[in-house]
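Undergrad: My questions will all concern the structure given below.
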Amino acid sequence: MSETEHVVPRLRGLAFGGDYNPEQWPREVQEEDVALMRQAGVNLVSLGIFAWALLEPEQGRYEFGWLDEIIDRLHANGVSVDLATPSAAPPAWFARRYPHTLPVNRDGVRIGFGSRETACPSSPEYRHATVELAHRLAEHYRDHPGVVMWHVHNEYGAPLGECYCDASVQAFRDWLRETYHDLDALNAAWGTTFWSQRYGDWDEIDAPRANHTVVNPAQRLDFARFSSAENLACFTLQRDVLRAATPHLPVTTNFMVTNCKSMDLWRWAPEVDVVSNDHYLNAEQPDNHIDLAMAADLSRSLGGGRPWLLMEHSPGAVSWQPRNIAKRPGEMRRNSLAHVARGSDSVLFFQWRASRAGAEKFHSAMLPQAGTDSDLWRDVVALGGEVDRLSGVRGTRVAAEVAVVWDWESWWALDLEWRPSVDLNFRERVEAYYAALWREHATVDFVHPAADLSAYKLVVAPSAYLLGEAAAKNLRCFVESGGHLLVSYFSGIVDEHDAVHPGAYPGVLRDVLGLSVEEFHPLREHETVALSDGGTARVWSERVRPKGAVTVTEFAAGPDAGHPAVTRHELGRGTAWYVASSVDGLRPLLSAALDAAGVSRPRGLPDTVEAVRRGGHLFLLNHGDEPVVVPDAAGVDVLDGTSFPAGVTVPAGGVRVIDVAC
């Protein structure tokens, strides 16, 4: 993709709109919808996501007339369509005819009909039905000028990540045969001599169902890989049908990059034409705008830095959290433009009009229950105008000098049972390091540990528990070539089968870090230990033995008093840092690592301000309650035309987008 190649070529400007479910409403409401969409500046809607029961009311009988009328109406009014295949919501007739396709959970309970994701992804009947419906849709709409892209399924893995039915078990055995080829290799990989689990026949292997104690972790890990692959196969079957009929249209599916643990999106991302993501704030989480930034950066990174699409986020409150708190004034605008700042070529919501029935009737919408005489509607219309004025951003990229290692397989493995501490948590460590980098105003990409790292000055590995030899060699080469690497505790411990690497901890990272770890000393709940620099640490302590590394900070108390807590190792032309605990002073540590690596970033900004450069535009977002002056910025705000010859003032809770290319 070139620097300004567009992810949806047939769409002009940034996409603005969201999920549209006209089948829930009579025709007069549908006609009102289109008029209001024009008022709000909507140019793209996602259509048909949960419409299987209407598109195929009984097996083999397809009815597209109602959808034709809606797409024609939208197109006539300048609204393009992201047309979905509705495989996320099989209809009642399908469950009745094929009851064995209803998923089985790990406890052996078959779920009932009445929600979504109610078919096993390994089911041959389900796959055949979804591919046939995708084929019919593609043939019917292949030449319609209003359809500009395809949207397969909806949020794979949420909520159905794994199925334990008979079809899944047989598919799992087939996957294992293809992966290992013979049982000796499988037995070696799974360590089945432990607890007398050795297999002599493929048919002896079951899914890792619930047990009265811990199930083989290597089996659990492979079942997670298998489950992600089965869902991916369902996607590619439909994608290939759509591509064959409409090679001119991009095909996507909406990820949930930070919240859907069950899909390995590094494997998924190359299979979509454009990465798209759904993101919903935890309204009660402090500084939840940092989680938003992390999700946006991960979405961009999955696509190799290319622009991506924000497929869903909420105008206000959601409907499924313990307390569904509405967004504060200005927060919807700020959230939306933060996604654009970090590479999104769209601002799309769930959903257009608030539903009157169903599970999500209390979920906010662009057009709320209160209608057009509401602050939310007025904010939506204003935002639509601003998104239109940002059309020059479309197709441009975000550059980053820092990368954070993120690996779904390591997440799966670390979160299994019987680790040294229940406080070892993949997401917690990644979020802690990302938040410190965000507050240092460093723009971040995410990377797989085996990816090309040559574009970065600093790579941070907060939670690389599972790390293969090839990935470890990649990190070492990065350091030897002049890069700076910072690694957190309990990394490099096991290989791809969850087997401990030979020798002392941290396994395959010993040489690059210049140390070994003699023993882990997890801390008790709420326990803290003092550090020699005056700081404190929690969760974890360990007996570090330097083998070339120099000590930066020591444990001043606790079981490892006098031993290193933070080290630095010069290797080749680069430096590797190691942090042996959950230190409370992460930001000063990362600031030192950023400076040592020569990472450029804005200086002197308060924690509340987000500064992101995208192409020729500088996005300044103020999440605080006081106005902030950014002294080193100058230019014209493309949103309101205000000129700043020297120093940009960002209002409290406001956003400035400065055209720095002028």
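By order in the structure tokens, chains are A, B, ...; within a chain, residues start at 1; ligands start at 1, following the order shown.
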Determine, for each residue of range 102-166 of chain A having at least one atom at most 10 Å from an atom of range 250-268 of chain A, the closest pair of atoms and their separation in Å to one decimal, counting only C-alpha atoms; order by chain and ascending number, as CSV.

TA:
```
residue,atom,partner,partner_atom,distance
A:Val148,CA,A:Pro250,CA,7.7
A:Met149,CA,A:Pro250,CA,5.1
A:Trp150,CA,A:Val251,CA,4.7
A:His151,CA,A:Thr252,CA,5.2
A:Val152,CA,A:Thr253,CA,5.0
A:His153,CA,A:Thr253,CA,6.5
A:Asn154,CA,A:Asn254,CA,6.1
A:Glu155,CA,A:Asn254,CA,5.4
A:Tyr156,CA,A:Phe255,CA,7.1
A:Gly157,CA,A:Ser262,CA,5.9
A:Ala158,CA,A:Cys260,CA,6.4
A:Pro159,CA,A:Cys260,CA,8.4
A:Leu160,CA,A:Ser262,CA,8.6
A:Gly161,CA,A:Ser262,CA,5.4
A:Glu162,CA,A:Ser262,CA,7.9
```

Undergrad: What lies within 9 Å of range 475-490 of chain A using only C-alpha atoms, ignoring chain neighbours under 6 positions off, as a PyMOL selection string?

TA: chain A and resi 424+429+449-450+452-454+456-465+505-506+509+511-513+520+540-542+568+570-582+590+593-594+596-597

Undergrad: Output the selection as a short mmCIF file (atom, residue, chain, number, x, y, z; two decimals), in the first residue's frame - N, CA and C atoms for each residue.

TA:
```
data_model
loop_
_atom_site.label_atom_id
_atom_site.label_comp_id
_atom_site.auth_asym_id
_atom_site.auth_seq_id
_atom_site.Cartn_x
_atom_site.Cartn_y
_atom_site.Cartn_z
N LEU A 424 0.22 -13.02 38.05
CA LEU A 424 0.83 -12.94 36.73
C LEU A 424 -0.28 -12.78 35.70
N ARG A 429 0.37 -6.37 32.65
CA ARG A 429 1.73 -5.88 32.38
C ARG A 429 1.77 -5.06 31.10
N PRO A 449 6.79 -11.05 18.46
CA PRO A 449 8.21 -11.12 18.80
C PRO A 449 9.12 -11.59 17.67
N ALA A 450 8.55 -12.27 16.66
CA ALA A 450 9.35 -12.73 15.53
C ALA A 450 9.30 -11.78 14.35
N ASP A 452 9.82 -8.23 11.99
CA ASP A 452 10.93 -7.34 11.65
C ASP A 452 10.91 -6.14 12.59
N LEU A 453 11.99 -5.93 13.34
CA LEU A 453 12.06 -4.86 14.34
C LEU A 453 12.97 -3.72 13.92
N SER A 454 13.48 -3.76 12.70
CA SER A 454 14.52 -2.83 12.28
C SER A 454 14.06 -1.38 12.25
N TYR A 456 12.49 0.20 14.57
CA TYR A 456 12.28 0.74 15.92
C TYR A 456 13.60 0.99 16.64
N LYS A 457 13.57 1.98 17.52
CA LYS A 457 14.72 2.27 18.37
C LYS A 457 14.62 1.56 19.72
N LEU A 458 13.39 1.40 20.21
CA LEU A 458 13.17 0.73 21.50
C LEU A 458 12.05 -0.29 21.33
N VAL A 459 12.28 -1.50 21.80
CA VAL A 459 11.26 -2.55 21.83
C VAL A 459 11.05 -2.95 23.29
N VAL A 460 9.79 -2.98 23.72
CA VAL A 460 9.44 -3.32 25.09
C VAL A 460 8.67 -4.64 25.08
N ALA A 461 9.11 -5.60 25.90
CA ALA A 461 8.45 -6.91 26.02
C ALA A 461 7.92 -7.06 27.43
N PRO A 462 6.68 -6.61 27.68
CA PRO A 462 6.15 -6.62 29.04
C PRO A 462 5.73 -8.01 29.53
N SER A 463 5.36 -8.92 28.61
CA SER A 463 4.79 -10.19 29.04
C SER A 463 5.03 -11.25 27.98
N ALA A 464 6.30 -11.62 27.83
CA ALA A 464 6.69 -12.59 26.80
C ALA A 464 7.00 -13.94 27.45
N TYR A 465 6.06 -14.44 28.26
CA TYR A 465 6.24 -15.73 28.96
C TYR A 465 6.56 -16.84 27.98
N TYR A 505 16.39 -19.87 34.36
CA TYR A 505 15.54 -18.80 33.84
C TYR A 505 16.42 -17.57 33.55
N PRO A 506 16.05 -16.67 32.65
CA PRO A 506 14.86 -16.68 31.81
C PRO A 506 15.06 -17.35 30.45
N LEU A 509 16.24 -15.97 26.92
CA LEU A 509 16.62 -14.56 27.04
C LEU A 509 17.84 -14.36 27.94
N ASP A 511 21.07 -14.88 27.49
CA ASP A 511 22.25 -14.28 26.86
C ASP A 511 22.02 -12.81 26.52
N VAL A 512 20.87 -12.50 25.95
CA VAL A 512 20.64 -11.11 25.55
C VAL A 512 20.52 -10.20 26.76
N LEU A 513 20.00 -10.73 27.89
CA LEU A 513 19.85 -9.92 29.10
C LEU A 513 21.10 -9.94 29.96
N PHE A 520 12.32 -17.91 41.65
CA PHE A 520 11.22 -16.95 41.72
C PHE A 520 10.78 -16.79 43.17
N TRP A 540 6.00 -9.40 42.60
CA TRP A 540 7.03 -10.35 42.16
C TRP A 540 8.42 -9.92 42.63
N SER A 541 9.21 -10.91 42.97
CA SER A 541 10.62 -10.72 43.26
C SER A 541 11.34 -11.98 42.80
N GLU A 542 12.64 -11.87 42.50
CA GLU A 542 13.38 -13.05 42.05
C GLU A 542 14.86 -12.86 42.31
N ARG A 568 20.98 -3.59 33.24
CA ARG A 568 21.22 -3.11 31.88
C ARG A 568 22.41 -3.89 31.33
N GLU A 570 24.94 -4.29 27.93
CA GLU A 570 25.40 -3.84 26.63
C GLU A 570 25.76 -5.06 25.79
N LEU A 571 25.17 -5.17 24.61
CA LEU A 571 25.40 -6.32 23.74
C LEU A 571 25.52 -5.83 22.31
N GLY A 572 26.67 -6.11 21.68
CA GLY A 572 26.87 -5.59 20.34
C GLY A 572 26.79 -4.07 20.35
N ARG A 573 25.97 -3.49 19.50
CA ARG A 573 25.82 -2.03 19.44
C ARG A 573 24.60 -1.54 20.21
N GLY A 574 23.92 -2.47 20.92
CA GLY A 574 22.68 -2.10 21.60
C GLY A 574 22.69 -2.40 23.08
N THR A 575 21.52 -2.25 23.69
CA THR A 575 21.36 -2.40 25.14
C THR A 575 20.09 -3.17 25.45
N ALA A 576 20.18 -4.07 26.42
CA ALA A 576 19.01 -4.81 26.88
C ALA A 576 18.79 -4.53 28.37
N TRP A 577 17.59 -4.09 28.71
CA TRP A 577 17.21 -3.80 30.10
C TRP A 577 16.34 -4.94 30.61
N TYR A 578 16.41 -5.20 31.92
CA TYR A 578 15.55 -6.22 32.54
C TYR A 578 14.97 -5.65 33.82
N VAL A 579 13.67 -5.89 34.03
CA VAL A 579 12.96 -5.41 35.21
C VAL A 579 12.40 -6.64 35.92
N ALA A 580 12.90 -6.92 37.11
CA ALA A 580 12.61 -8.18 37.80
C ALA A 580 11.42 -8.10 38.74
N SER A 581 10.62 -7.06 38.64
CA SER A 581 9.45 -6.93 39.50
C SER A 581 8.47 -5.94 38.89
N SER A 582 7.32 -5.82 39.52
CA SER A 582 6.35 -4.82 39.13
C SER A 582 6.68 -3.54 39.89
N LEU A 590 11.15 4.01 32.00
CA LEU A 590 10.93 4.05 30.55
C LEU A 590 11.44 5.35 29.95
N ALA A 593 15.00 4.76 29.36
CA ALA A 593 15.20 3.87 28.21
C ALA A 593 14.91 4.59 26.90
N LEU A 594 13.88 5.42 26.87
CA LEU A 594 13.56 6.19 25.67
C LEU A 594 14.70 7.15 25.32
N ALA A 596 17.88 6.88 26.25
CA ALA A 596 19.06 6.12 25.85
C ALA A 596 18.95 5.63 24.41
N ALA A 597 17.72 5.31 24.00
CA ALA A 597 17.49 4.82 22.63
C ALA A 597 17.39 5.96 21.62
#
```

Undergrad: Quick one: residues within 10 Å of Ala95 in chain A, only C-alpha atoms counted, chain neighbours fewer than 2 positions away excluded, as a ChimeraX atom specification?

TA: /A:90-93,97-102,112-114,118-119,126

Undergrad: Those same residues - all heavy atoms - I'd like them written as a compact mmCIF listing (two decimals), in the first residue's frame.

TA:
```txt
# COMPACT_ATOMS: atom_id res chain seq x y z
N PRO A 90 -27.26 -17.57 13.28
CA PRO A 90 -28.07 -18.57 12.59
C PRO A 90 -29.53 -18.49 13.04
O PRO A 90 -29.81 -18.25 14.22
CB PRO A 90 -27.43 -19.90 13.01
CG PRO A 90 -26.04 -19.54 13.42
CD PRO A 90 -26.14 -18.17 14.02
N PRO A 91 -30.48 -18.70 12.13
CA PRO A 91 -31.90 -18.57 12.47
C PRO A 91 -32.43 -19.80 13.21
O PRO A 91 -31.77 -20.85 13.29
CB PRO A 91 -32.57 -18.41 11.11
CG PRO A 91 -31.65 -19.11 10.16
CD PRO A 91 -30.27 -18.92 10.69
N ALA A 92 -33.65 -19.67 13.70
CA ALA A 92 -34.26 -20.75 14.49
C ALA A 92 -34.43 -22.02 13.66
O ALA A 92 -34.26 -23.13 14.19
CB ALA A 92 -35.61 -20.28 15.05
N TRP A 93 -34.77 -21.88 12.38
CA TRP A 93 -34.98 -23.08 11.58
C TRP A 93 -33.69 -23.90 11.45
O TRP A 93 -33.72 -25.13 11.36
CB TRP A 93 -35.54 -22.76 10.19
CG TRP A 93 -34.67 -21.95 9.27
CD1 TRP A 93 -34.80 -20.62 8.97
CD2 TRP A 93 -33.53 -22.42 8.51
NE1 TRP A 93 -33.82 -20.22 8.09
CE2 TRP A 93 -33.04 -21.31 7.77
CE3 TRP A 93 -32.91 -23.64 8.36
CZ2 TRP A 93 -31.95 -21.41 6.93
CZ3 TRP A 93 -31.81 -23.75 7.52
CH2 TRP A 93 -31.34 -22.64 6.82
N ARG A 97 -33.36 -27.76 12.62
CA ARG A 97 -33.02 -28.81 11.65
C ARG A 97 -31.69 -29.48 12.00
O ARG A 97 -31.51 -30.67 11.77
CB ARG A 97 -32.95 -28.20 10.25
CG ARG A 97 -32.53 -29.21 9.18
CD ARG A 97 -32.81 -28.70 7.79
NE ARG A 97 -34.25 -28.65 7.51
CZ ARG A 97 -34.77 -28.55 6.29
NH1 ARG A 97 -33.96 -28.51 5.23
NH2 ARG A 97 -36.06 -28.50 6.11
N TYR A 98 -30.76 -28.72 12.57
CA TYR A 98 -29.43 -29.25 12.88
C TYR A 98 -29.10 -28.99 14.36
O TYR A 98 -28.18 -28.23 14.68
CB TYR A 98 -28.38 -28.59 11.99
CG TYR A 98 -28.67 -28.69 10.51
CD1 TYR A 98 -29.04 -27.56 9.78
CD2 TYR A 98 -28.58 -29.91 9.85
CE1 TYR A 98 -29.30 -27.65 8.42
CE2 TYR A 98 -28.85 -30.02 8.49
CZ TYR A 98 -29.21 -28.88 7.78
OH TYR A 98 -29.47 -28.98 6.44
N PRO A 99 -29.82 -29.62 15.27
CA PRO A 99 -29.59 -29.33 16.70
C PRO A 99 -28.19 -29.68 17.17
O PRO A 99 -27.69 -29.11 18.14
CB PRO A 99 -30.64 -30.19 17.40
CG PRO A 99 -31.00 -31.27 16.42
CD PRO A 99 -30.88 -30.63 15.07
N HIS A 100 -27.53 -30.61 16.47
CA HIS A 100 -26.17 -31.00 16.87
C HIS A 100 -25.15 -29.92 16.56
O HIS A 100 -23.99 -30.02 17.01
CB HIS A 100 -25.76 -32.29 16.15
CG HIS A 100 -25.87 -32.21 14.66
ND1 HIS A 100 -27.07 -32.30 14.00
CD2 HIS A 100 -24.92 -31.99 13.70
CE1 HIS A 100 -26.86 -32.17 12.69
NE2 HIS A 100 -25.57 -31.98 12.49
N THR A 101 -25.54 -28.87 15.83
CA THR A 101 -24.60 -27.78 15.55
C THR A 101 -24.56 -26.74 16.67
O THR A 101 -23.67 -25.89 16.68
CB THR A 101 -24.97 -27.05 14.25
OG1 THR A 101 -26.23 -26.38 14.41
CG2 THR A 101 -25.04 -28.02 13.07
N LEU A 102 -25.50 -26.83 17.61
CA LEU A 102 -25.45 -25.90 18.75
C LEU A 102 -24.19 -26.19 19.56
O LEU A 102 -23.88 -27.34 19.86
CB LEU A 102 -26.69 -26.07 19.63
CG LEU A 102 -28.00 -25.59 19.02
CD1 LEU A 102 -29.19 -26.09 19.83
CD2 LEU A 102 -28.03 -24.06 18.93
N GLY A 112 -28.38 -23.39 24.29
CA GLY A 112 -29.65 -23.33 23.59
C GLY A 112 -29.68 -22.22 22.56
O GLY A 112 -28.74 -21.45 22.40
N PHE A 113 -30.79 -22.15 21.84
CA PHE A 113 -30.99 -21.09 20.85
C PHE A 113 -31.58 -19.87 21.54
O PHE A 113 -32.28 -19.99 22.55
CB PHE A 113 -31.94 -21.58 19.75
CG PHE A 113 -32.22 -20.55 18.70
CD1 PHE A 113 -31.31 -20.32 17.68
CD2 PHE A 113 -33.38 -19.78 18.74
CE1 PHE A 113 -31.55 -19.35 16.71
CE2 PHE A 113 -33.63 -18.82 17.79
CZ PHE A 113 -32.72 -18.61 16.76
N GLY A 114 -31.29 -18.69 21.02
CA GLY A 114 -31.89 -17.48 21.56
C GLY A 114 -30.92 -16.33 21.73
O GLY A 114 -31.30 -15.26 22.21
N THR A 118 -24.50 -19.14 17.69
CA THR A 118 -25.13 -20.38 18.17
C THR A 118 -24.90 -21.55 17.21
O THR A 118 -25.77 -22.41 17.05
CB THR A 118 -26.64 -20.17 18.38
OG1 THR A 118 -27.22 -19.65 17.17
CG2 THR A 118 -26.90 -19.21 19.53
N ALA A 119 -23.72 -21.60 16.59
CA ALA A 119 -23.38 -22.75 15.75
C ALA A 119 -21.89 -23.01 15.87
O ALA A 119 -21.08 -22.09 15.89
CB ALA A 119 -23.76 -22.52 14.30
N TYR A 126 -23.09 -26.02 9.12
CA TYR A 126 -22.99 -24.58 9.31
C TYR A 126 -22.11 -23.95 8.23
O TYR A 126 -22.46 -22.93 7.63
CB TYR A 126 -22.43 -24.28 10.70
CG TYR A 126 -22.08 -22.83 10.95
CD1 TYR A 126 -23.08 -21.88 11.10
CD2 TYR A 126 -20.76 -22.42 11.03
CE1 TYR A 126 -22.77 -20.54 11.32
CE2 TYR A 126 -20.44 -21.10 11.26
CZ TYR A 126 -21.44 -20.16 11.40
OH TYR A 126 -21.12 -18.84 11.62
```

Undergrad: What does the distance from CA of Leu83 in chain A to CA of Glu271 in chain A come to in Å, to one decimal?

TA: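 Pair CA of Leu83 in chain A / CA of Glu271 in chain A returns 18.0 Å.
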
Undergrad: To test your reading of the structure, identify every residue in range 511-552 of chain A that backbone DSSP assigns to strand (DSSP E or B), and report it as a list in words.

TA: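 Reading the DSSP output for range 511-552 of chain A, strand (DSSP E or B) covers Leu515, Ser516, Val517, Glu518, Glu519, Phe520, Thr528, Val529, Ala530, Leu531, Thr536, Ala537, Arg538, Glu542, Arg543, Val544, Arg545, Pro546, Val550, Thr551 and Val552 of chain A.
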
Undergrad: May I have the residues within 8 Å of Gly548 in chain A as number ranges by chain, using only C-alpha atoms and disregarding those fewer than 3 positions away in the same chain?

TA: A: 514-515, 569

Undergrad: If you count only C-alpha atoms, which residues fall within 8 Å of range 332-336 of chain A, apart from same-chain ones fewer than 5 positions away, as a tab-separated table (two decimals) with N, CA, C and O atoms, in the first residue's frame?

TA:
```
chain	number	residue	atom	x	y	z
A	289	HIS	N	-9.18	6.43	28.22
A	289	HIS	CA	-8.71	6.89	26.92
A	289	HIS	C	-7.36	6.29	26.57
A	289	HIS	O	-6.99	6.23	25.39
A	292	LEU	N	-8.17	3.05	24.97
A	292	LEU	CA	-8.60	3.34	23.59
A	292	LEU	C	-7.39	3.51	22.67
A	292	LEU	O	-7.34	2.94	21.58
A	314	SER	N	-19.15	3.33	20.74
A	314	SER	CA	-20.46	3.77	21.23
A	314	SER	C	-20.56	5.29	21.28
A	314	SER	O	-19.61	5.97	21.69
A	315	PRO	N	-21.72	5.83	20.88
A	315	PRO	CA	-21.94	7.27	21.05
A	315	PRO	C	-22.00	7.67	22.53
A	315	PRO	O	-21.61	8.78	22.88
A	316	GLY	N	-22.52	6.77	23.35
A	316	GLY	CA	-22.66	7.05	24.78
A	316	GLY	C	-22.45	5.78	25.58
A	316	GLY	O	-21.43	5.10	25.44
A	327	LYS	N	-21.27	8.80	28.37
A	327	LYS	CA	-20.06	9.59	28.16
A	327	LYS	C	-20.31	11.04	28.57
A	327	LYS	O	-21.42	11.56	28.45
A	347	VAL	N	-15.07	6.72	11.32
A	347	VAL	CA	-15.70	6.90	12.63
A	347	VAL	C	-17.08	6.27	12.50
A	347	VAL	O	-18.02	6.88	12.00
A	379	ASP	N	-24.57	16.51	18.90
A	379	ASP	CA	-23.14	16.20	18.90
A	379	ASP	C	-22.77	15.30	17.73
A	379	ASP	O	-21.69	15.45	17.13
A	383	LEU	N	-20.13	16.25	14.85
A	383	LEU	CA	-19.00	15.37	14.59
A	383	LEU	C	-18.95	14.97	13.12
A	383	LEU	O	-17.86	14.90	12.53
A	621	LEU	N	-5.06	16.15	21.71
A	621	LEU	CA	-6.28	15.84	22.43
A	621	LEU	C	-6.04	16.09	23.91
A	621	LEU	O	-5.11	15.54	24.52
A	653	GLY	N	-10.79	19.35	27.62
A	653	GLY	CA	-11.62	18.33	26.99
A	653	GLY	C	-11.71	18.45	25.49
A	653	GLY	O	-12.54	17.78	24.86
A	654	GLY	N	-10.87	19.27	24.88
A	654	GLY	CA	-11.00	19.57	23.45
A	654	GLY	C	-9.97	18.88	22.58
A	654	GLY	O	-9.08	18.17	23.05
A	655	VAL	N	-10.11	19.12	21.28
A	655	VAL	CA	-9.23	18.53	20.28
A	655	VAL	C	-8.83	19.61	19.28
A	655	VAL	O	-9.67	20.40	18.84
```

Undergrad: If I take CA of Trp66 in chain A and CA of Leu367 in chain A, how far is one from the other in Å, to one decimal?

TA: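 Computing it gives 22.5 Å between the two atoms.
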
Undergrad: For a quick check of understanding, using only C-alpha atoms, which of A:Val638, A:Val517, A:Leu620, A:Val422 has the smallest distance to Val650 in chain A?

TA: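 Counting only C-alpha atoms, the residue closest to Val650 in chain A is A:Leu620.
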
Undergrad: Here is a test: counting only C-alpha atoms, which residue of A:Trp412, A:Tyr433, A:Trp352, A:Tyr199 is nearest to Asp33 in chain A?

TA: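 Of A:Trp412, A:Tyr433, A:Trp352, A:Tyr199, the one nearest Asp33 in chain A is A:Trp352, counting only C-alpha atoms.
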
Undergrad: With distances taken over only C-alpha atoms, which of A:Phe349, A:Tyr434, A:Phe94, A:Trp411 is nearest to Val42 in chain A?

TA: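 Distance minimum relative to Val42 in chain A lands on A:Phe349.
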
Undergrad: Excluding Asp345 in chain A and residues on its chain fewer than 2 positions from it, collect all residues at most 8 Å away from it, counting only C-alpha atoms, and give them as a PyMOL selection string.

TA: chain A and resi 7+14-15+307-310+340+343+347+393-395

Undergrad: Between CA of Leu605 in chain A and CA of Ala455 in chain A, what is the spacing in Å?

TA: 25.6 Å

Undergrad: Between A:Ala359, A:Leu302, A:Ile49, A:Ala326, which is the closest to Asn282 in chain A once you count only C-alpha atoms?

TA: A:Ala326
